[in-house]
Each structure stands twice: as C-alpha cells, then as structure tokens.
file coords_24.cif (mmCIF, C-alpha atoms)
data_input
loop_
_atom_site.group_PDB
_atom_site.id
_atom_site.type_symbol
_atom_site.label_atom_id
_atom_site.label_comp_id
_atom_site.auth_asym_id
_atom_site.auth_seq_id
_atom_site.Cartn_x
_atom_site.Cartn_y
_atom_site.Cartn_z
ATOM 1 C CA MET A 1 2.876 -122.776 39.366
ATOM 2 C CA LEU A 2 4.813 -123.729 36.265
ATOM 3 C CA ASP A 3 5.880 -120.090 35.974
ATOM 4 C CA THR A 4 7.265 -120.218 39.488
ATOM 5 C CA PHE A 5 9.214 -123.364 38.738
ATOM 6 C CA PHE A 6 10.667 -121.931 35.540
ATOM 7 C CA PHE A 7 11.560 -118.666 37.257
ATOM 8 C CA TYR A 8 13.595 -120.468 39.886
ATOM 9 C CA ALA A 9 15.210 -122.741 37.297
ATOM 10 C CA PHE A 10 16.287 -119.820 35.100
ATOM 11 C CA ALA A 11 17.307 -117.761 38.123
ATOM 12 C CA LEU A 12 19.528 -120.634 39.240
ATOM 13 C CA LEU A 13 21.093 -120.850 35.767
ATOM 14 C CA THR A 14 21.666 -117.096 35.631
ATOM 15 C CA LEU A 15 23.108 -116.663 39.101
ATOM 16 C CA GLY A 16 25.029 -119.940 39.220
ATOM 17 C CA GLY A 17 26.519 -119.285 35.807
ATOM 18 C CA GLY A 18 27.464 -115.765 36.865
ATOM 19 C CA ILE A 19 29.140 -116.912 40.069
ATOM 20 C CA LEU A 20 31.080 -119.607 38.241
ATOM 21 C CA THR A 21 32.063 -117.040 35.577
ATOM 22 C CA VAL A 22 33.822 -114.829 38.090
ATOM 23 C CA THR A 23 35.422 -117.674 40.050
ATOM 24 C CA ARG A 24 36.820 -120.062 37.425
ATOM 25 C CA ARG A 25 40.573 -120.196 36.963
ATOM 26 C CA ASN A 26 40.577 -120.893 33.227
ATOM 27 C CA ALA A 27 39.238 -118.071 31.040
ATOM 28 C CA VAL A 28 37.670 -120.539 28.587
ATOM 29 C CA HIS A 29 35.672 -122.148 31.392
ATOM 30 C CA SER A 30 34.576 -118.664 32.469
ATOM 31 C CA ALA A 31 33.326 -117.989 28.946
ATOM 32 C CA MET A 32 31.377 -121.276 28.920
ATOM 33 C CA TRP A 33 29.694 -120.427 32.222
ATOM 34 C CA LEU A 34 28.942 -116.943 30.959
ATOM 35 C CA ILE A 35 27.073 -118.586 28.064
ATOM 36 C CA VAL A 36 25.010 -120.553 30.611
ATOM 37 C CA SER A 37 24.274 -117.368 32.527
ATOM 38 C CA LEU A 38 23.246 -115.435 29.410
ATOM 39 C CA ALA A 39 21.002 -118.292 28.273
ATOM 40 C CA GLY A 40 19.339 -118.280 31.695
ATOM 41 C CA ALA A 41 18.728 -114.546 31.368
ATOM 42 C CA ALA A 42 17.221 -115.200 27.934
ATOM 43 C CA GLY A 43 14.830 -117.666 29.552
ATOM 44 C CA LEU A 44 13.837 -114.980 32.049
ATOM 45 C CA TYR A 45 13.072 -112.606 29.170
ATOM 46 C CA LEU A 46 10.855 -115.266 27.591
ATOM 47 C CA LEU A 47 9.030 -115.795 30.884
ATOM 48 C CA GLN A 48 8.139 -112.107 30.905
ATOM 49 C CA GLY A 49 6.776 -112.098 27.391
ATOM 50 C CA ALA A 50 9.740 -110.378 25.753
ATOM 51 C CA GLU A 51 10.107 -112.833 22.884
ATOM 52 C CA PHE A 52 12.037 -110.485 20.640
ATOM 53 C CA LEU A 53 14.661 -109.807 23.296
ATOM 54 C CA PHE A 54 14.877 -113.550 23.979
ATOM 55 C CA ALA A 55 15.832 -114.129 20.347
ATOM 56 C CA VAL A 56 18.195 -111.153 20.324
ATOM 57 C CA GLN A 57 19.885 -112.393 23.496
ATOM 58 C CA ILE A 58 20.487 -115.872 22.084
ATOM 59 C CA VAL A 59 21.613 -114.743 18.624
ATOM 60 C CA LEU A 60 23.655 -111.721 19.633
ATOM 61 C CA TYR A 61 25.159 -112.647 22.980
ATOM 62 C CA VAL A 62 25.522 -116.390 22.818
ATOM 63 C CA GLY A 63 26.146 -116.482 19.080
ATOM 64 C CA GLY A 64 28.076 -113.260 18.558
ATOM 65 C CA ILE A 65 29.736 -111.747 21.587
ATOM 66 C CA MET A 66 30.765 -115.045 23.126
ATOM 67 C CA VAL A 67 32.451 -116.188 19.903
ATOM 68 C CA LEU A 68 34.339 -112.880 19.915
ATOM 69 C CA PHE A 69 35.376 -113.495 23.531
ATOM 70 C CA LEU A 70 36.532 -117.024 22.762
ATOM 71 C CA PHE A 71 38.587 -115.819 19.785
ATOM 72 C CA VAL A 72 40.316 -113.222 21.947
ATOM 73 C CA ILE A 73 40.921 -115.761 24.727
ATOM 74 C CA MET A 74 42.572 -118.056 22.193
ATOM 75 C CA LEU A 75 44.664 -115.139 20.858
ATOM 76 C CA VAL A 76 45.970 -113.951 24.220
ATOM 77 C CA ASN A 77 45.950 -117.269 26.046
ATOM 78 C CA LEU A 78 49.000 -117.852 28.194
ATOM 79 C CA ASP A 79 49.307 -121.422 29.363
ATOM 80 C CA GLU A 80 50.815 -120.371 32.649
ATOM 81 C CA ALA A 81 48.076 -117.771 33.188
ATOM 82 C CA ALA A 82 45.709 -120.358 34.652
ATOM 83 C CA LYS A 83 48.308 -121.368 37.222
ATOM 84 C CA MET A 84 48.923 -117.858 38.542
ATOM 85 C CA ARG A 85 47.151 -115.813 41.180
ATOM 86 C CA GLN A 86 43.646 -115.015 39.895
ATOM 87 C CA PHE A 87 42.430 -112.411 42.357
ATOM 88 C CA ASN A 88 43.932 -109.063 43.259
ATOM 89 C CA LYS A 89 44.138 -107.514 46.701
ATOM 90 C CA GLN A 90 40.837 -105.635 46.515
ATOM 91 C CA TRP A 91 38.815 -108.298 48.304
ATOM 92 C CA TRP A 92 37.818 -105.798 51.013
ATOM 93 C CA VAL A 93 36.084 -103.577 48.438
ATOM 94 C CA ALA A 94 34.170 -106.606 47.202
ATOM 95 C CA LEU A 95 33.355 -107.562 50.793
ATOM 96 C CA ALA A 96 31.983 -104.056 51.386
ATOM 97 C CA CYS A 97 29.797 -104.410 48.252
ATOM 98 C CA VAL A 98 28.494 -107.797 49.360
ATOM 99 C CA SER A 99 27.715 -106.675 52.898
ATOM 100 C CA GLY A 100 26.050 -103.473 51.666
ATOM 101 C CA VAL A 101 23.733 -105.177 49.196
ATOM 102 C CA GLY A 102 23.246 -108.096 51.592
ATOM 103 C CA ALA A 103 22.084 -105.719 54.332
ATOM 104 C CA LEU A 104 19.721 -104.037 51.865
ATOM 105 C CA VAL A 105 18.215 -107.344 50.751
ATOM 106 C CA ALA A 106 17.916 -108.618 54.326
ATOM 107 C CA TYR A 107 16.157 -105.392 55.330
ATOM 108 C CA PHE A 108 13.650 -105.693 52.496
ATOM 109 C CA LEU A 109 13.072 -109.391 53.168
ATOM 110 C CA ARG A 110 12.337 -108.599 56.810
ATOM 111 C CA GLN A 111 9.938 -105.843 55.803
ATOM 112 C CA GLY A 112 8.031 -108.161 53.499
ATOM 113 C CA ALA A 113 6.114 -107.200 50.392
ATOM 114 C CA GLY A 114 4.959 -103.885 51.908
ATOM 115 C CA ALA A 115 8.498 -102.498 51.697
ATOM 116 C CA PHE A 116 8.301 -102.276 47.913
ATOM 117 C CA ARG A 117 6.213 -99.258 47.080
ATOM 118 C CA LEU A 118 6.381 -99.590 43.326
ATOM 119 C CA ALA A 119 4.380 -97.117 41.303
ATOM 120 C CA ARG A 120 0.971 -98.515 40.513
ATOM 121 C CA PRO A 121 0.631 -99.605 36.897
ATOM 122 C CA PRO A 122 -2.065 -97.802 34.909
ATOM 123 C CA GLN A 123 -5.470 -99.400 35.191
ATOM 124 C CA GLY A 124 -6.104 -102.186 32.732
ATOM 125 C CA ALA A 125 -2.448 -102.331 31.740
ATOM 126 C CA PRO A 126 -2.381 -104.214 28.444
ATOM 127 C CA ILE A 127 -0.741 -107.614 28.321
ATOM 128 C CA LEU A 128 2.148 -107.400 25.902
ATOM 129 C CA GLU A 129 0.770 -109.392 22.992
ATOM 130 C CA GLY A 130 2.424 -109.401 19.603
ATOM 131 C CA ASN A 131 5.686 -108.402 21.191
ATOM 132 C CA THR A 132 7.874 -108.016 18.096
ATOM 133 C CA GLU A 133 5.313 -105.939 16.190
ATOM 134 C CA ARG A 134 4.820 -103.596 19.107
ATOM 135 C CA ILE A 135 8.554 -103.151 19.594
ATOM 136 C CA ALA A 136 8.976 -102.398 15.896
ATOM 137 C CA ASP A 137 6.108 -99.895 15.977
ATOM 138 C CA VAL A 138 7.547 -97.975 18.906
ATOM 139 C CA LEU A 139 11.185 -98.299 17.821
ATOM 140 C CA PHE A 140 10.623 -96.971 14.313
ATOM 141 C CA SER A 141 8.269 -94.172 15.247
ATOM 142 C CA GLU A 142 9.013 -92.727 18.666
ATOM 143 C CA TYR A 143 12.627 -93.858 19.028
ATOM 144 C CA LEU A 144 13.810 -93.483 15.444
ATOM 145 C CA LEU A 145 16.549 -90.929 16.200
ATOM 146 C CA PRO A 146 18.078 -92.957 19.097
ATOM 147 C CA PHE A 147 17.943 -95.993 16.821
ATOM 148 C CA GLU A 148 19.969 -94.206 14.138
ATOM 149 C CA ILE A 149 22.416 -92.906 16.741
ATOM 150 C CA ALA A 150 22.876 -96.479 17.969
ATOM 151 C CA SER A 151 23.758 -97.544 14.432
ATOM 152 C CA VAL A 152 26.367 -94.774 14.228
ATOM 153 C CA LEU A 153 27.730 -95.948 17.593
ATOM 154 C CA LEU A 154 28.077 -99.494 16.261
ATOM 155 C CA LEU A 155 29.853 -98.199 13.134
ATOM 156 C CA VAL A 156 32.299 -96.250 15.304
ATOM 157 C CA ALA A 157 32.857 -99.348 17.436
ATOM 158 C CA ILE A 158 33.594 -101.509 14.389
ATOM 159 C CA VAL A 159 36.087 -99.023 12.949
ATOM 160 C CA GLY A 160 37.609 -98.441 16.373
ATOM 161 C CA SER A 161 38.122 -102.101 17.183
ATOM 162 C CA VAL A 162 39.697 -102.798 13.793
ATOM 163 C CA LEU A 163 41.975 -99.794 14.320
ATOM 164 C CA MET A 164 42.955 -101.050 17.792
ATOM 165 C CA ALA A 165 43.632 -104.607 16.727
ATOM 166 C CA LYS A 166 45.532 -103.786 13.539
ATOM 167 C CA ARG A 167 49.275 -104.042 13.761
ATOM 168 C CA LYS A 168 50.043 -101.057 11.535
ATOM 169 C CA VAL A 169 47.438 -98.468 10.647
ATOM 170 C CA MET B 1 4.723 -123.040 49.725
ATOM 171 C CA LEU B 2 5.906 -121.360 46.545
ATOM 172 C CA HIS B 3 4.736 -117.800 46.215
ATOM 173 C CA PRO B 4 3.697 -116.481 42.807
ATOM 174 C CA ILE B 5 6.497 -114.639 41.074
ATOM 175 C CA THR B 6 6.222 -110.870 41.251
ATOM 176 C CA THR B 7 8.307 -108.008 39.895
ATOM 177 C CA VAL B 8 10.136 -107.894 43.228
ATOM 178 C CA HIS B 9 11.573 -111.358 42.608
ATOM 179 C CA TYR B 10 13.097 -110.110 39.376
ATOM 180 C CA LEU B 11 14.458 -107.021 41.093
ATOM 181 C CA LEU B 12 16.193 -109.100 43.760
ATOM 182 C CA LEU B 13 17.617 -111.467 41.137
ATOM 183 C CA SER B 14 18.873 -108.493 39.156
ATOM 184 C CA ALA B 15 20.502 -106.995 42.260
ATOM 185 C CA ALA B 16 22.230 -110.302 42.976
ATOM 186 C CA LEU B 17 23.512 -110.598 39.399
ATOM 187 C CA LEU B 18 24.735 -106.988 39.491
ATOM 188 C CA LEU B 19 26.578 -107.811 42.715
ATOM 189 C CA VAL B 20 28.248 -110.873 41.214
ATOM 190 C CA GLY B 21 29.369 -108.801 38.222
ATOM 191 C CA THR B 22 30.688 -106.024 40.452
ATOM 192 C CA ILE B 23 32.693 -108.506 42.513
ATOM 193 C CA GLY B 24 34.145 -109.893 39.299
ATOM 194 C CA VAL B 25 35.180 -106.446 38.071
ATOM 195 C CA LEU B 26 36.729 -105.542 41.416
ATOM 196 C CA THR B 27 38.603 -108.712 42.265
ATOM 197 C CA ARG B 28 39.682 -110.531 39.111
ATOM 198 C CA ARG B 29 43.103 -109.913 37.595
ATOM 199 C CA ASN B 30 42.429 -111.295 34.116
ATOM 200 C CA VAL B 31 41.247 -108.502 31.808
ATOM 201 C CA VAL B 32 39.102 -110.872 29.710
ATOM 202 C CA ILE B 33 37.161 -111.965 32.788
ATOM 203 C CA ILE B 34 36.723 -108.337 33.848
ATOM 204 C CA LEU B 35 35.088 -107.677 30.470
ATOM 205 C CA MET B 36 32.846 -110.740 30.964
ATOM 206 C CA SER B 37 31.813 -109.406 34.378
ATOM 207 C CA ILE B 38 30.795 -106.142 32.720
ATOM 208 C CA GLU B 39 28.533 -108.188 30.436
ATOM 209 C CA LEU B 40 26.976 -109.729 33.563
ATOM 210 C CA ILE B 41 26.306 -106.254 34.976
ATOM 211 C CA LEU B 42 24.629 -105.107 31.751
ATOM 212 C CA ASN B 43 22.475 -108.242 31.771
ATOM 213 C CA ALA B 44 21.333 -107.486 35.298
ATOM 214 C CA VAL B 45 20.242 -104.046 34.073
ATOM 215 C CA ASN B 46 18.332 -105.655 31.210
ATOM 216 C CA ILE B 47 16.479 -108.028 33.535
ATOM 217 C CA ASN B 48 15.422 -105.019 35.579
ATOM 218 C CA LEU B 49 14.244 -103.071 32.526
ATOM 219 C CA ILE B 50 12.213 -105.974 31.189
ATOM 220 C CA ALA B 51 10.637 -106.698 34.571
ATOM 221 C CA PHE B 52 9.372 -103.122 34.734
ATOM 222 C CA SER B 53 8.310 -103.247 31.096
ATOM 223 C CA ARG B 54 6.100 -106.213 31.984
ATOM 224 C CA TYR B 55 4.875 -104.534 35.175
ATOM 225 C CA PHE B 56 3.711 -101.372 33.423
ATOM 226 C CA GLY B 57 2.529 -103.096 30.256
ATOM 227 C CA ASP B 58 4.697 -100.784 28.161
ATOM 228 C CA VAL B 59 7.319 -101.836 25.605
ATOM 229 C CA THR B 60 9.536 -98.798 26.208
ATOM 230 C CA GLY B 61 11.587 -100.772 28.720
ATOM 231 C CA GLN B 62 12.309 -103.397 26.093
ATOM 232 C CA ILE B 63 13.373 -100.699 23.604
ATOM 233 C CA PHE B 64 15.786 -99.452 26.234
ATOM 234 C CA ALA B 65 17.067 -102.995 26.729
ATOM 235 C CA ILE B 66 17.788 -103.161 22.993
ATOM 236 C CA PHE B 67 19.877 -100.001 23.258
ATOM 237 C CA VAL B 68 21.689 -101.440 26.269
ATOM 238 C CA ILE B 69 22.525 -104.540 24.223
ATOM 239 C CA ALA B 70 23.799 -102.365 21.348
ATOM 240 C CA VAL B 71 26.067 -100.441 23.718
ATOM 241 C CA ALA B 72 27.241 -103.720 25.286
ATOM 242 C CA VAL B 73 28.213 -105.039 21.859
ATOM 243 C CA ALA B 74 30.142 -101.861 21.072
ATOM 244 C CA GLU B 75 31.846 -102.000 24.458
ATOM 245 C CA ALA B 76 32.855 -105.638 24.048
ATOM 246 C CA ALA B 77 34.248 -105.058 20.542
ATOM 247 C CA VAL B 78 36.290 -102.002 21.500
ATOM 248 C CA GLY B 79 37.403 -103.545 24.806
ATOM 249 C CA LEU B 80 38.664 -106.703 23.150
ATOM 250 C CA GLY B 81 40.397 -104.635 20.473
ATOM 251 C CA ILE B 82 42.162 -102.638 23.191
ATOM 252 C CA LEU B 83 43.073 -105.896 24.916
ATOM 253 C CA ILE B 84 44.703 -107.272 21.754
ATOM 254 C CA ALA B 85 46.681 -104.042 21.255
ATOM 255 C CA LEU B 86 47.720 -104.159 24.917
ATOM 256 C CA PHE B 87 48.768 -107.789 24.750
ATOM 257 C CA ARG B 88 50.904 -107.061 21.679
ATOM 258 C CA ASN B 89 52.743 -104.306 23.541
ATOM 259 C CA LYS B 90 52.979 -105.600 27.107
ATOM 260 C CA GLU B 91 52.550 -109.395 26.831
ATOM 261 C CA THR B 92 50.279 -109.515 29.855
ATOM 262 C CA VAL B 93 46.588 -110.074 30.607
ATOM 263 C CA TRP B 94 46.783 -109.089 34.279
ATOM 264 C CA ALA B 95 45.002 -105.866 35.075
ATOM 265 C CA ASP B 96 47.294 -104.964 37.972
ATOM 266 C CA GLU B 97 50.410 -105.164 35.803
ATOM 267 C CA ILE B 98 49.058 -102.489 33.457
ATOM 268 C CA GLU B 99 50.194 -99.463 35.418
ATOM 269 C CA LEU B 100 51.570 -96.955 32.914
ATOM 270 C CA LEU B 101 49.276 -94.217 34.209
ATOM 271 C CA LYS B 102 49.952 -94.967 37.880
ATOM 272 C CA TRP B 103 52.366 -92.959 39.968
#
call {"tool": "encode", "arguments": {"input": "coords_24.cif", "output": "structure tokens"}}
result
Amino acid sequence: MLDTFFFYAFALLTLGGGILTVTRRNAVHSAMWLIVSLAGAAGLYLLQGAEFLFAVQIVLYVGGIMVLFLFVIMLVNLDEAAKMRQFNKQWWVALACVSGVGALVAYFLRQGAGAFRLARPPQGAPILEGNTERIADVLFSEYLLPFEIASVLLLVAIVGSVLMAKRKV
Amino acid sequence: MLHPITTVHYLLLSAALLLVGTIGVLTRRNVVIILMSIELILNAVNINLIAFSRYFGDVTGQIFAIFVIAVAVAEAAVGLGILIALFRNKETVWADEIELLKW
C-alpha cells in the first residue's frame, strides 16, 4: 500500500518534471525541473531496491551533470532568448510520436494484464539484498573489461570536451 | 482501488518519459534543452533496466544502467563542449539556425 503511494508520488515527480522541462521558456527553469525529474527517478530506483543506483543518480546527475548544465546555460545565456519562439515547426512529428505511443498504451490498457507476456522469472528469484556488494561482485568479475572500456570512454570525453571548449588548442 | 505496483507500471512510466524526451528533442529550438531532453530519454531507459533487474532478481540490469549513466555523462560533457564552441563561432543557441551542413 505504501509502495503504491510512493510509486505514484515518484512517478508524478518524474513525469511532471519531465513535461515541465521540455515546455519551460527559460532554460534555467528547465534545468530546475530536470533536477526534480531526476530526483523522482532516483526515488523509483530506491523503491525497486537499487540503492547504489539511487546514490549514483543523486550524486552524479543532480550534483554533477546539472551543475555542468547550469554553468553552460550561464555562459551562453542570451537575455532575449527567453522572449523568442521556443518551438520549431516539427510539431507534426511530435504529434505522430504521441499518437503512436498513445495508441500502443491504450491498446495494452484495453487488453489488461494478460497483454504483457513477460518472460517468467526463474523460480525462487532471489530478492536483491546487499545491493552494493552484489553490484561490485558482478561488476569487477564478469564485467571488468566493459568497466575499463567505460573508463577509457570517460577519459576521451574529458579530453574531448576540454578541446572543444578551449579557445586556442 | 489501488492495484499493487507491477513491472508493467514501470514499463508504462518509462514509455511515457521516453515520449516526453522525444518530444523535447524534436520540437525545442534551444540546444541546451535538447541536451536535457536526451538526459530524460536515457533516464527512461534506466527505469526500464532497473524494473527488469528487479523482476528477474538479477543485478545485470543495474550494471547496464551504470554503463548507461557513464555514457550519458560523456555525452553531456562533449555536447556542452560542442555547444560552447558553437556559441563562440555563431552566437546562437537555436538549433534551426545551425545549418552549415544543410543544402
């Protein structure tokens, strides 16, 4: 019961924040609503027992990426930008997306729970206890090579973004 | 009145968030907000991955979500760097005024 309540609360934060992110006129307001949306998603992770990802989401997204976004908004902010036209002329593509996904969702809602033939989880699927330890175990044994490749990717991204933003190389 | 929350609820929420992000990418003119919409899309993917990780009782989905976050960070850093370089050269943040490769 409490789970249900929290799911709907976090879902409202996530979706409402997302909708306000893409509709606000001022880019700073968009960034603030994106923080709300990301925090709501973090709450959803916590509800599903992914404590490590909850912490990563808060620290990395809300603490790191959003500060980066706000810095860039301050750097490129044009005062008249908020007064100009905010949307381009592609609204019909967006309308097609909305109607397509809307039709899909309506179809599945009409079909009820039987429409979702998800693969059956293995019998006695373990509850994810000790989340961080289990993630570390799997990440540093089975997925060690992808982990190292991800670190190389981040190094390339750091060097690349400095190179892009520098006035003279 | 309230049904218990199942994986399907998370899937529908994730689809809705993906849709909102897609609409943002397609219709906004401000490049910064387009980048923010991409973050929304990646978050929708993460919600999906974690819902299935819970459903199957397997942490592999969460490992994948960590990689998605790493790629999202790299994308945001490089994208904002490109945006700063672009703003220095063209003095604009509107995506439809950046048309050097259009003919």
call {"tool": "interface_residues", "arguments": {"input": "coords_24.cif", "of": "chain A", "to": "chain B", "cutoff": "6 Å", "atoms": "only C-alpha atoms", "output": "PDB file with C-alpha atoms, in the coordinates of the input"}}
result
ATOM      1  CA  THR A   4       7.265-120.218  39.488  1.00  0.00           C
ATOM      2  CA  VAL A  22      33.822-114.829  38.090  1.00  0.00           C
ATOM      3  CA  GLN A  86      43.646-115.015  39.895  1.00  0.00           C
ATOM      4  CA  PHE A  87      42.430-112.411  42.357  1.00  0.00           C
ATOM      5  CA  ASN A  88      43.932-109.063  43.259  1.00  0.00           C
ATOM      6  CA  GLN A  90      40.837-105.635  46.515  1.00  0.00           C
ATOM      7  CA  ALA A  94      34.170-106.606  47.202  1.00  0.00           C
ATOM      8  CA  PRO A 121       0.631 -99.605  36.897  1.00  0.00           C
ATOM      9  CA  ALA A 125      -2.448-102.331  31.740  1.00  0.00           C
ATOM     10  CA  PRO A 126      -2.381-104.214  28.444  1.00  0.00           C
ATOM     11  CA  ILE A 127      -0.741-107.614  28.321  1.00  0.00           C
ATOM     12  CA  LEU A 154      28.077 -99.494  16.261  1.00  0.00           C
ATOM     13  CA  ALA A 157      32.857 -99.348  17.436  1.00  0.00           C
ATOM     14  CA  SER A 161      38.122-102.101  17.183  1.00  0.00           C
ATOM     15  CA  MET A 164      42.955-101.050  17.792  1.00  0.00           C
ATOM     16  CA  ALA A 165      43.632-104.607  16.727  1.00  0.00           C
TER      17      ALA A 165
END
call {"tool": "atom_distance", "arguments": {"input": "coords_24.cif", "atom1": "atom CA of A:Ala96", "atom2": "atom CA of A:Lys83"}}
result
27.7 Å
call {"tool": "atom_distance", "arguments": {"input": "coords_24.cif", "atom1": "atom CA of A:Ala82", "atom2": "atom CA of A:His29"}}
result
10.7 Å
call {"tool": "residues_around", "arguments": {"input": "coords_24.cif", "residues": "stretch 36-46 of chain A", "least_positions_apart": "3", "cutoff": "10 Å", "atoms": "only C-alpha atoms", "output": "NGL selection string"}}
result
(:A and (6-21 or 30-33 or 49-58 or 61-62 or 66)) or (:B and (10 or 14 or 17 or 39-40 or 43-44 or 46-47 or 50-51 or 54 or 62))
call {"tool": "atom_distance", "arguments": {"input": "coords_24.cif", "atom1": "atom CA of A:Phe108", "atom2": "atom CA of B:Leu11"}}
result
11.5 Å
call {"tool": "axis_aligned_box", "arguments": {"input": "coords_24.cif", "around": "stretch 48-59 of chain A", "padding_each_side": "8 Å", "output": "AutoDock Vina command-line options"}}
result
--center_x 14.2 --center_y -112.8 --center_z 24.8 --size_x 30.8 --size_y 22.1 --size_z 28.3
call {"tool": "build_atoms", "arguments": {"input": "coords_24.cif", "residues": "stretch 126-154 of chain A", "atoms": "N, CA and C atoms", "output": "short mmCIF file (atom, residue, chain, number, x, y, z; two decimals), in the frame of the given file"}}
result
data_model
loop_
_atom_site.label_atom_id
_atom_site.label_comp_id
_atom_site.auth_asym_id
_atom_site.auth_seq_id
_atom_site.Cartn_x
_atom_site.Cartn_y
_atom_site.Cartn_z
N PRO A 126 -2.23 -103.18 29.47
CA PRO A 126 -2.38 -104.21 28.44
C PRO A 126 -1.33 -105.30 28.61
N ILE A 127 -1.71 -106.53 28.39
CA ILE A 127 -0.74 -107.61 28.32
C ILE A 127 0.02 -107.44 27.01
N LEU A 128 1.34 -107.67 27.08
CA LEU A 128 2.15 -107.40 25.90
C LEU A 128 1.98 -108.52 24.88
N GLU A 129 0.97 -108.40 24.06
CA GLU A 129 0.77 -109.39 22.99
C GLU A 129 1.42 -108.89 21.72
N GLY A 130 1.80 -109.82 20.85
CA GLY A 130 2.42 -109.40 19.60
C GLY A 130 3.66 -108.57 19.86
N ASN A 131 4.55 -109.15 20.65
CA ASN A 131 5.69 -108.40 21.19
C ASN A 131 6.54 -107.75 20.11
N THR A 132 6.95 -108.54 19.09
CA THR A 132 7.87 -108.02 18.10
C THR A 132 7.26 -106.87 17.31
N GLU A 133 5.96 -107.00 16.95
CA GLU A 133 5.31 -105.94 16.19
C GLU A 133 5.25 -104.66 17.01
N ARG A 134 4.94 -104.81 18.29
CA ARG A 134 4.82 -103.60 19.11
C ARG A 134 6.16 -102.92 19.29
N ILE A 135 7.22 -103.74 19.47
CA ILE A 135 8.55 -103.15 19.59
C ILE A 135 8.91 -102.42 18.31
N ALA A 136 8.63 -103.04 17.17
CA ALA A 136 8.98 -102.40 15.90
C ALA A 136 8.21 -101.10 15.73
N ASP A 137 6.91 -101.12 16.08
CA ASP A 137 6.11 -99.90 15.98
C ASP A 137 6.72 -98.76 16.78
N VAL A 138 7.03 -99.05 18.05
CA VAL A 138 7.55 -97.98 18.91
C VAL A 138 8.95 -97.57 18.48
N LEU A 139 9.78 -98.58 18.13
CA LEU A 139 11.18 -98.30 17.82
C LEU A 139 11.30 -97.44 16.57
N PHE A 140 10.47 -97.69 15.57
CA PHE A 140 10.62 -96.97 14.31
C PHE A 140 9.75 -95.73 14.23
N SER A 141 9.00 -95.43 15.29
CA SER A 141 8.27 -94.17 15.25
C SER A 141 8.79 -93.22 16.32
N GLU A 142 8.64 -93.63 17.58
CA GLU A 142 9.01 -92.73 18.67
C GLU A 142 10.51 -92.64 18.85
N TYR A 143 11.20 -93.80 18.68
CA TYR A 143 12.63 -93.86 19.03
C TYR A 143 13.48 -93.99 17.78
N LEU A 144 13.07 -93.34 16.69
CA LEU A 144 13.81 -93.48 15.44
C LEU A 144 15.19 -92.83 15.54
N LEU A 145 15.26 -91.63 16.12
CA LEU A 145 16.55 -90.93 16.20
C LEU A 145 17.54 -91.69 17.08
N PRO A 146 17.13 -92.14 18.31
CA PRO A 146 18.08 -92.96 19.10
C PRO A 146 18.51 -94.22 18.36
N PHE A 147 17.61 -94.79 17.58
CA PHE A 147 17.94 -95.99 16.82
C PHE A 147 19.06 -95.70 15.83
N GLU A 148 18.93 -94.56 15.11
CA GLU A 148 19.97 -94.21 14.14
C GLU A 148 21.28 -93.89 14.84
N ILE A 149 21.19 -93.22 16.00
CA ILE A 149 22.42 -92.91 16.74
C ILE A 149 23.10 -94.19 17.18
N ALA A 150 22.29 -95.19 17.57
CA ALA A 150 22.88 -96.48 17.97
C ALA A 150 23.61 -97.11 16.79
N SER A 151 23.06 -96.96 15.57
CA SER A 151 23.76 -97.54 14.43
C SER A 151 25.08 -96.82 14.17
N VAL A 152 25.10 -95.50 14.38
CA VAL A 152 26.37 -94.77 14.23
C VAL A 152 27.37 -95.24 15.28
N LEU A 153 26.86 -95.47 16.52
CA LEU A 153 27.73 -95.95 17.59
C LEU A 153 28.35 -97.29 17.21
N LEU A 154 27.55 -98.18 16.64
CA LEU A 154 28.08 -99.49 16.26
C LEU A 154 29.12 -99.36 15.16
#
